[in-house]
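S.K.: Sharing protein33.pdb below, PDB, C-alpha atoms:
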ATOM      1  CA  MET A1255      47.457  11.683 -15.820
ATOM      2  CA  ALA A1256      47.939   9.398 -12.844
ATOM      3  CA  GLU A1257      46.863  12.213 -10.607
ATOM      4  CA  ALA A1258      43.679  12.747 -12.551
ATOM      5  CA  TYR A1259      43.006   9.008 -12.537
ATOM      6  CA  GLY A1260      43.588   8.938  -8.795
ATOM      7  CA  SER A1261      41.127  11.757  -8.174
ATOM      8  CA  ILE A1262      38.531  10.087 -10.399
ATOM      9  CA  GLU A1263      39.000   6.863  -8.456
ATOM     10  CA  LEU A1264      38.680   8.771  -5.186
ATOM     11  CA  TRP A1265      35.571  10.552  -6.485
ATOM     12  CA  GLN A1266      34.008   7.210  -7.528
ATOM     13  CA  THR A1267      34.793   5.743  -4.107
ATOM     14  CA  ASP A1268      33.321   8.815  -2.402
ATOM     15  CA  SER A1269      30.288   8.621  -4.675
ATOM     16  CA  ARG A1270      29.685   4.976  -3.757
ATOM     17  CA  LEU A1271      30.192   5.778  -0.095
ATOM     18  CA  PHE A1272      27.781   8.704  -0.362
ATOM     19  CA  THR A1273      25.237   6.471  -2.137
ATOM     20  CA  PHE A1274      25.681   3.808   0.565
ATOM     21  CA  VAL A1275      25.256   6.366   3.350
ATOM     22  CA  ALA A1276      22.245   7.910   1.615
ATOM     23  CA  MET A1277      20.649   4.468   1.172
ATOM     24  CA  ALA A1278      21.305   3.618   4.817
ATOM     25  CA  THR A1279      19.801   6.933   5.812
ATOM     26  CA  ILE A1280      16.730   6.339   3.622
ATOM     27  CA  THR A1281      16.351   2.822   5.030
ATOM     28  CA  GLU A1282      16.683   4.153   8.574
ATOM     29  CA  LEU A1283      14.196   6.912   7.783
ATOM     30  CA  LYS A1284      11.695   4.392   6.387
ATOM     31  CA  CYS A1285      12.066   2.244   9.498
ATOM     32  CA  ALA A1286      11.670   5.246  11.794
ATOM     33  CA  VAL A1287       8.568   6.456   9.951
ATOM     34  CA  ARG A1288       7.041   2.943   9.952
ATOM     35  CA  GLU A1289       7.717   2.493  13.683
ATOM     36  CA  THR A1290       6.279   5.923  14.482
ATOM     37  CA  LEU A1291       3.130   5.302  12.440
ATOM     38  CA  GLU A1292       2.661   1.876  14.044
ATOM     39  CA  SER A1293       3.223   3.207  17.578
ATOM     40  CA  ARG A1294       0.655   5.960  17.003
ATOM     41  CA  GLY A1295      -1.839   3.456  15.596
ATOM     42  CA  VAL A1296      -1.870   5.222  12.238
ATOM     43  CA  MET A1297      -0.383   2.446  10.095
ATOM     44  CA  GLY A1298      -3.504   0.280  10.309
ATOM     45  CA  GLN A1299      -5.688   3.265   9.462
ATOM     46  CA  LEU A1300      -3.536   4.091   6.442
ATOM     47  CA  LYS A1301      -3.664   0.505   5.207
ATOM     48  CA  ALA A1302      -7.440   0.415   5.673
ATOM     49  CA  ARG A1303      -7.822   3.755   3.886
ATOM     50  CA  ILE A1304      -5.737   2.487   0.963
ATOM     51  CA  ARG A1305      -7.871  -0.675   0.796
ATOM     52  CA  ALA A1306     -11.036   1.438   0.816
ATOM     53  CA  GLU A1307      -9.702   3.649  -1.987
ATOM     54  CA  VAL A1308      -8.647   0.602  -4.042
ATOM     55  CA  PHE A1309     -12.101  -0.909  -3.489
ATOM     56  CA  SER A1310     -13.719   2.328  -4.583
ATOM     57  CA  ALA A1311     -11.557   2.480  -7.715
ATOM     58  CA  LEU A1312     -12.338  -1.134  -8.601
ATOM     59  CA  ASP A1313     -16.027  -1.047  -7.716
ATOM     60  CA  ASP A1314     -18.039  -1.583 -10.856
ATOM     61  CA  GLN A1315     -20.682   1.132 -10.765
ATOM     62  CA  ARG A1316     -22.278  -0.278 -13.927
ATOM     63  CA  GLU A1317     -23.485  -3.385 -12.077
ATOM     64  CA  PRO A1318     -26.672  -2.358 -10.251
ATOM     65  CA  ARG A1319     -27.004  -3.406  -6.641
ATOM     66  CA  PRO A1320     -30.205  -5.024  -5.435
ATOM     67  CA  PRO A1321     -32.516  -2.688  -3.548
ATOM     68  CA  LEU A1322     -31.715  -2.354   0.146
ATOM     69  CA  SER A1323     -34.406  -4.263   2.069
ATOM     70  CA  HIS A1324     -35.701  -2.994   5.403
ATOM     71  CA  GLU A1325     -34.000  -5.892   7.236
ATOM     72  CA  ASN A1326     -30.668  -5.246   5.491
ATOM     73  CA  LEU A1327     -30.920  -1.555   6.339
ATOM     74  CA  LEU A1328     -31.336  -2.435  10.029
ATOM     75  CA  ILE A1329     -28.611  -5.119   9.978
ATOM     76  CA  ASN A1330     -26.149  -2.825   8.227
ATOM     77  CA  GLU A1331     -26.893  -0.090  10.736
ATOM     78  CA  LEU A1332     -26.268  -2.456  13.664
ATOM     79  CA  ILE A1333     -22.954  -3.425  12.093
ATOM     80  CA  ARG A1334     -22.018   0.200  11.344
ATOM     81  CA  GLU A1335     -22.750   1.235  14.935
ATOM     82  CA  TYR A1336     -20.562  -1.642  16.180
ATOM     83  CA  LEU A1337     -17.723  -0.775  13.751
ATOM     84  CA  GLU A1338     -17.744   2.919  14.641
ATOM     85  CA  PHE A1339     -17.894   2.166  18.387
ATOM     86  CA  ASN A1340     -14.756   0.035  18.007
ATOM     87  CA  LYS A1341     -13.056   2.739  15.883
ATOM     88  CA  TYR A1342     -13.149   0.660  12.665
ATOM     89  CA  ARG A1343     -14.041   3.800  10.718
ATOM     90  CA  TYR A1344     -12.566   2.779   7.393
ATOM     91  CA  THR A1345     -14.240  -0.614   7.540
ATOM     92  CA  ALA A1346     -17.496   1.210   8.246
ATOM     93  CA  SER A1347     -16.893   3.489   5.257
ATOM     94  CA  VAL A1348     -16.385   0.461   2.983
ATOM     95  CA  LEU A1349     -19.597  -1.110   4.362
ATOM     96  CA  THR A1350     -21.506   2.098   3.665
ATOM     97  CA  ALA A1351     -20.125   2.438   0.149
ATOM     98  CA  GLU A1352     -20.566  -1.204  -0.806
ATOM     99  CA  SER A1353     -24.003  -1.769   0.727
ATOM    100  CA  GLY A1354     -25.659   1.441  -0.413
ATOM    101  CA  GLN A1355     -26.440   2.293   3.208
ATOM    102  CA  PRO A1356     -27.289   5.992   3.666
ATOM    103  CA  GLU A1357     -24.245   8.110   4.585
ATOM    104  CA  VAL A1358     -26.049   9.552   7.619
ATOM    105  CA  PRO A1359     -26.520   6.898  10.338
ATOM    106  CA  LEU A1360     -30.054   6.062  11.419
ATOM    107  CA  ASP A1361     -31.174   7.493  14.733
ATOM    108  CA  ARG A1362     -30.415   4.996  17.497
ATOM    109  CA  GLN A1363     -33.869   5.365  19.057
ATOM    110  CA  PHE A1364     -35.472   4.684  15.665
ATOM    111  CA  LEU A1365     -33.301   1.570  15.311
ATOM    112  CA  ALA A1366     -34.211   0.375  18.822
ATOM    113  CA  ASN A1367     -37.923   0.934  18.118
ATOM    114  CA  GLU A1368     -37.725  -0.984  14.823
ATOM    115  CA  LEU A1369     -36.062  -3.904  16.630
ATOM    116  CA  LYS A1370     -38.583  -3.663  19.490
ATOM    117  CA  VAL A1371     -35.730  -3.212  21.963
ATOM    118  CA  THR A1372     -36.106  -1.423  25.280
ATOM    119  CA  GLU A1373     -32.912   0.009  26.697
ATOM    120  CA  ASP A1374     -31.836   1.080  30.134
ATOM    121  CA  THR A1375     -29.294   3.819  30.817
ATOM    122  CA  SER A1376     -26.275   1.491  30.898
ATOM    123  CA  SER A1377     -27.131  -0.218  27.603
ATOM    124  CA  LYS A1378     -27.106   3.102  25.755
ATOM    125  CA  SER A1379     -23.323   3.347  26.196
ATOM    126  CA  VAL A1380     -22.646   0.355  23.923
ATOM    127  CA  PRO A1381     -23.872  -0.597  20.443
ATOM    128  CA  LEU A1382     -27.273  -2.268  20.184
ATOM    129  CA  LEU A1383     -25.593  -5.334  18.693
ATOM    130  CA  TYR A1384     -23.829  -5.986  22.020
ATOM    131  CA  GLY A1385     -27.147  -5.965  23.850
ATOM    132  CA  LEU A1386     -28.773  -8.278  21.305
ATOM    133  CA  VAL A1387     -25.923 -10.780  21.457
ATOM    134  CA  CYS A1388     -25.905 -10.622  25.264
ATOM    135  CA  HIS A1389     -29.657 -11.265  25.316
ATOM    136  CA  PHE A1390     -29.395 -14.355  23.106
ATOM    137  CA  VAL A1391     -26.321 -15.724  24.875
ATOM    138  CA  ASN A1392     -27.875 -15.348  28.336
ATOM    139  CA  SER A1393     -31.501 -16.314  27.659
ATOM    140  CA  SER A1394     -33.399 -18.791  25.503
ATOM    141  CA  ASP A1395     -36.640 -20.746  25.345
ATOM    142  CA  SER A1396     -37.196 -23.976  27.299
ATOM    143  CA  ARG A1397     -35.342 -26.140  24.740
ATOM    144  CA  GLY A1398     -32.315 -23.851  24.662
ATOM    145  CA  ASN A1399     -32.947 -22.788  21.064
ATOM    146  CA  VAL A1400     -34.241 -19.666  19.419
ATOM    147  CA  PHE A1401     -36.733 -20.078  16.594
ATOM    148  CA  LEU A1402     -35.874 -17.840  13.658
ATOM    149  CA  ARG A1403     -38.612 -16.939  11.203
ATOM    150  CA  GLY A1404     -38.048 -16.081   7.565
ATOM    151  CA  ALA A1405     -37.666 -12.463   6.602
ATOM    152  CA  SER A1406     -38.268 -10.541   3.424
ATOM    153  CA  LEU A1407     -35.226 -11.538   1.434
ATOM    154  CA  PRO A1408     -33.338  -9.169  -0.854
ATOM    155  CA  ALA A1409     -33.843  -9.711  -4.575
ATOM    156  CA  GLY A1410     -31.826 -12.617  -5.904
ATOM    157  CA  THR A1411     -31.710 -14.513  -2.588
ATOM    158  CA  THR A1412     -33.054 -18.041  -2.753
ATOM    159  CA  ALA A1413     -34.656 -20.226  -0.122
ATOM    160  CA  ILE A1414     -31.484 -22.316  -0.061
ATOM    161  CA  ASN A1415     -29.785 -19.451   1.795
ATOM    162  CA  THR A1416     -32.426 -19.261   4.539
ATOM    163  CA  ILE A1417     -32.309 -20.825   8.002
ATOM    164  CA  PRO A1418     -34.843 -23.640   8.498
ATOM    165  CA  GLY A1419     -37.292 -23.509  11.363
ATOM    166  CA  PRO A1420     -37.808 -26.283  13.965
ATOM    167  CA  ASP A1421     -40.066 -28.282  11.619
ATOM    168  CA  ALA A1422     -37.295 -28.737   9.017
TER     169      ALA A1422
END
Represent the structure contained in this file as structure tokens.

M.R.:
Amino acid sequence: MAEAYGSIELWQTDSRLFTFVAMATITELKCAVRETLESRGVMGQLKARIRAEVFSALDDQREPRPPLSHENLLINELIREYLEFNKYRYTASVLTAESGQPEVPLDRQFLANELKVTEDTSSKSVPLLYGLVCHFVNSSDSRGNVFLRGASLPAGTTAINTIPGPDA
């Protein structure tokens, strides 16, 4: 009987040791996988993809979105081009899904024409938003300010949300 008890005790000790080793191995494996994914730049993409999927699952499709105005279409496209240029693909996919922006990006030349922007060869290598920001940062009218005019606002937007002109 003592022998049997001794072997049971030994088996329990071995079992705990095995469990400890297995847990250490799992912990080490988790750390190794995490480090590998982070070093390859995949961890951020996975987190963003999970956020996008959670957003999609939680998005209330029953609540209708306001119609996409022409200005919002152009603004969203400028933002999408910027996001995709900087490899923020999952952020761009959330923008597209949430805003109702068409899945297929607008043609860049169409976008430039709508914004009345003329590009040279070097400006075509970066998003239009970079060129617009550069223009406003580096040039202005004689008072150093840019006068913004009202636009056609999306449904549900009030005048309180608009930017006043110089007469305000």

S.K.: Neighbouring residues of A:Glu1307 were defined as those with any atom within 12 Å, considering all atoms listed in the file; residues of the same chain fewer than 2 positions away were excluded. Please report them as a list in words.

M.R.: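 Surrounding residues, per the criterion: Leu1300, Lys1301, Ala1302, Arg1303, Ile1304, Arg1305, Phe1309, Ser1310, Ala1311, Leu1312, Asp1313, Tyr1344, Thr1345, Ser1347, Val1348, Ala1351 and Glu1352 of chain A.
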
S.K.: Could you write out the selected residues, including C-alpha atoms, as a JSON list (two decimals), in the frame of the given file?

M.R.:
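Done, and the output landed in out13.json:
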[["chain", "number", "residue", "atom", "x", "y", "z"],
["A", 1300, "LEU", "CA", -3.54, 4.09, 6.44],
["A", 1301, "LYS", "CA", -3.66, 0.50, 5.21],
["A", 1302, "ALA", "CA", -7.44, 0.42, 5.67],
["A", 1303, "ARG", "CA", -7.82, 3.76, 3.89],
["A", 1304, "ILE", "CA", -5.74, 2.49, 0.96],
["A", 1305, "ARG", "CA", -7.87, -0.68, 0.80],
["A", 1309, "PHE", "CA", -12.10, -0.91, -3.49],
["A", 1310, "SER", "CA", -13.72, 2.33, -4.58],
["A", 1311, "ALA", "CA", -11.56, 2.48, -7.72],
["A", 1312, "LEU", "CA", -12.34, -1.13, -8.60],
["A", 1313, "ASP", "CA", -16.03, -1.05, -7.72],
["A", 1344, "TYR", "CA", -12.57, 2.78, 7.39],
["A", 1345, "THR", "CA", -14.24, -0.61, 7.54],
["A", 1347, "SER", "CA", -16.89, 3.49, 5.26],
["A", 1348, "VAL", "CA", -16.39, 0.46, 2.98],
["A", 1351, "ALA", "CA", -20.12, 2.44, 0.15],
["A", 1352, "GLU", "CA", -20.57, -1.20, -0.81]]

S.K.: Just checking: using only C-alpha atoms, which residue out of A:Gly1298, A:Thr1350, A:Asn1392, A:Leu1386 ends up closest to A:Leu1322?

M.R.: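 The answer is A:Thr1350, which sits nearest to A:Leu1322.
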
S.K.: Between atom CA of A:Ser1353 and atom CA of A:Met1297, measure the distance and give it in Å to one decimal.

M.R.: 25.8 Å

S.K.: Tell me, counting all atoms listed in the file, for each residue of stretch 1282-1349 of chain A within 12 Å of stretch 1362-1382 of chain A, which pair of atoms is nearest and how far apart they are in Å to one decimal, in rows ordered by chain and increasing number, as a tab-separated table.

M.R.:
residue	atom	partner	partner_atom	distance
A:His1324	CA	A:Glu1368	CA	9.8
A:Glu1325	CA	A:Glu1368	CA	9.8
A:Leu1327	CA	A:Leu1365	CA	9.8
A:Leu1328	CA	A:Leu1365	CA	6.9
A:Ile1329	CA	A:Leu1365	CA	9.8
A:Asn1330	CA	A:Leu1365	CA	11.0
A:Glu1331	CA	A:Leu1365	CA	8.0
A:Leu1332	CA	A:Leu1382	CA	6.6
A:Ile1333	CA	A:Pro1381	CA	8.9
A:Arg1334	CA	A:Pro1381	CA	9.3
A:Glu1335	CA	A:Pro1381	CA	5.9
A:Tyr1336	CA	A:Pro1381	CA	5.5
A:Leu1337	CA	A:Pro1381	CA	9.1
A:Glu1338	CA	A:Pro1381	CA	9.1
A:Phe1339	CA	A:Pro1381	CA	6.9
A:Asn1340	CA	A:Pro1381	CA	9.5

S.K.: Please compute the atom CA of A:Glu1289-atom CA of A:Arg1343 distance, one decimal, in Å.

M.R.: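 Between atom CA of A:Glu1289 and atom CA of A:Arg1343 the gap works out to 22.0 Å.
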
S.K.: Can you tell me how far atom CA of A:Gly1295 sits from atom CA of A:Tyr1342, in Å to one decimal?

M.R.: 12.0 Å

S.K.: I need the residue nearest A:Pro1321 from this list: A:Lys1341, A:Arg1294, A:Arg1288, A:Gln1355. Use only C-alpha atoms for the distance.

M.R.: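 Between A:Lys1341, A:Arg1294, A:Arg1288, A:Gln1355, the residue approaching A:Pro1321 most closely is A:Gln1355.
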
S.K.: Ranking A:Leu1360, A:Glu1292, A:Gly1354, A:Ala1306 by minimum distance to A:Pro1320 and counting only C-alpha atoms, which one comes first?

M.R.: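 For A:Pro1320, the nearest of the candidates is A:Gly1354.
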
S.K.: Mind filling out stretch 1331-1352 of chain A with N, CA, C and O atoms and sending it as a compact mmCIF listing (two decimals), keeping the file's coordinate frame?

M.R.:
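The resulting file, rebuild.txt, is reproduced below:
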# COMPACT_ATOMS: atom_id res chain seq x y z
N GLU A 1331 -27.02 -1.16 9.75
CA GLU A 1331 -26.89 -0.09 10.74
C GLU A 1331 -26.37 -0.63 12.06
O GLU A 1331 -25.56 0.02 12.72
N LEU A 1332 -26.81 -1.83 12.45
CA LEU A 1332 -26.27 -2.46 13.66
C LEU A 1332 -24.77 -2.69 13.52
O LEU A 1332 -23.98 -2.44 14.44
N ILE A 1333 -24.37 -3.16 12.34
CA ILE A 1333 -22.95 -3.42 12.09
C ILE A 1333 -22.17 -2.12 12.06
O ILE A 1333 -21.08 -2.02 12.64
N ARG A 1334 -22.72 -1.10 11.40
CA ARG A 1334 -22.02 0.20 11.34
C ARG A 1334 -21.82 0.77 12.75
O ARG A 1334 -20.74 1.26 13.07
N GLU A 1335 -22.86 0.71 13.57
CA GLU A 1335 -22.75 1.24 14.94
C GLU A 1335 -21.65 0.49 15.69
O GLU A 1335 -20.84 1.10 16.39
N TYR A 1336 -21.60 -0.83 15.54
CA TYR A 1336 -20.56 -1.64 16.18
C TYR A 1336 -19.17 -1.25 15.67
O TYR A 1336 -18.24 -1.07 16.45
N LEU A 1337 -19.02 -1.11 14.34
CA LEU A 1337 -17.72 -0.78 13.75
C LEU A 1337 -17.24 0.60 14.22
O LEU A 1337 -16.08 0.77 14.60
N GLU A 1338 -18.13 1.57 14.22
CA GLU A 1338 -17.74 2.92 14.64
C GLU A 1338 -17.43 2.97 16.14
O GLU A 1338 -16.50 3.67 16.56
N PHE A 1339 -18.16 2.22 16.95
CA PHE A 1339 -17.89 2.17 18.39
C PHE A 1339 -16.49 1.63 18.65
O PHE A 1339 -15.78 2.11 19.53
N ASN A 1340 -16.07 0.66 17.85
CA ASN A 1340 -14.76 0.04 18.01
C ASN A 1340 -13.68 0.73 17.19
O ASN A 1340 -12.57 0.21 17.03
N LYS A 1341 -13.99 1.91 16.65
CA LYS A 1341 -13.06 2.74 15.88
C LYS A 1341 -12.59 2.09 14.58
O LYS A 1341 -11.50 2.34 14.10
N TYR A 1342 -13.44 1.25 13.97
CA TYR A 1342 -13.15 0.66 12.66
C TYR A 1342 -13.79 1.55 11.60
O TYR A 1342 -14.64 1.12 10.84
N ARG A 1343 -13.38 2.81 11.57
CA ARG A 1343 -14.04 3.80 10.72
C ARG A 1343 -13.92 3.49 9.23
O ARG A 1343 -14.85 3.70 8.47
N TYR A 1344 -12.74 3.03 8.82
CA TYR A 1344 -12.57 2.78 7.39
C TYR A 1344 -13.34 1.54 6.97
O TYR A 1344 -13.88 1.48 5.88
N THR A 1345 -13.42 0.56 7.83
CA THR A 1345 -14.24 -0.61 7.54
C THR A 1345 -15.69 -0.19 7.42
O THR A 1345 -16.42 -0.64 6.53
N ALA A 1346 -16.13 0.69 8.31
CA ALA A 1346 -17.50 1.21 8.25
C ALA A 1346 -17.72 1.98 6.95
O ALA A 1346 -18.80 1.88 6.35
N SER A 1347 -16.72 2.73 6.50
CA SER A 1347 -16.89 3.49 5.26
C SER A 1347 -17.00 2.56 4.05
O SER A 1347 -17.75 2.83 3.12
N VAL A 1348 -16.27 1.43 4.06
CA VAL A 1348 -16.39 0.46 2.98
C VAL A 1348 -17.77 -0.19 3.02
O VAL A 1348 -18.41 -0.35 1.99
N LEU A 1349 -18.25 -0.53 4.22
CA LEU A 1349 -19.60 -1.11 4.36
C LEU A 1349 -20.64 -0.16 3.78
O LEU A 1349 -21.50 -0.57 3.02
N THR A 1350 -20.54 1.11 4.14
CA THR A 1350 -21.51 2.10 3.66
C THR A 1350 -21.47 2.21 2.15
O THR A 1350 -22.50 2.19 1.49
N ALA A 1351 -20.26 2.29 1.60
CA ALA A 1351 -20.12 2.44 0.15
C ALA A 1351 -20.61 1.20 -0.58
O ALA A 1351 -21.32 1.29 -1.59
N GLU A 1352 -20.24 0.03 -0.10
CA GLU A 1352 -20.57 -1.20 -0.81
C GLU A 1352 -22.03 -1.58 -0.67
O GLU A 1352 -22.64 -2.11 -1.60
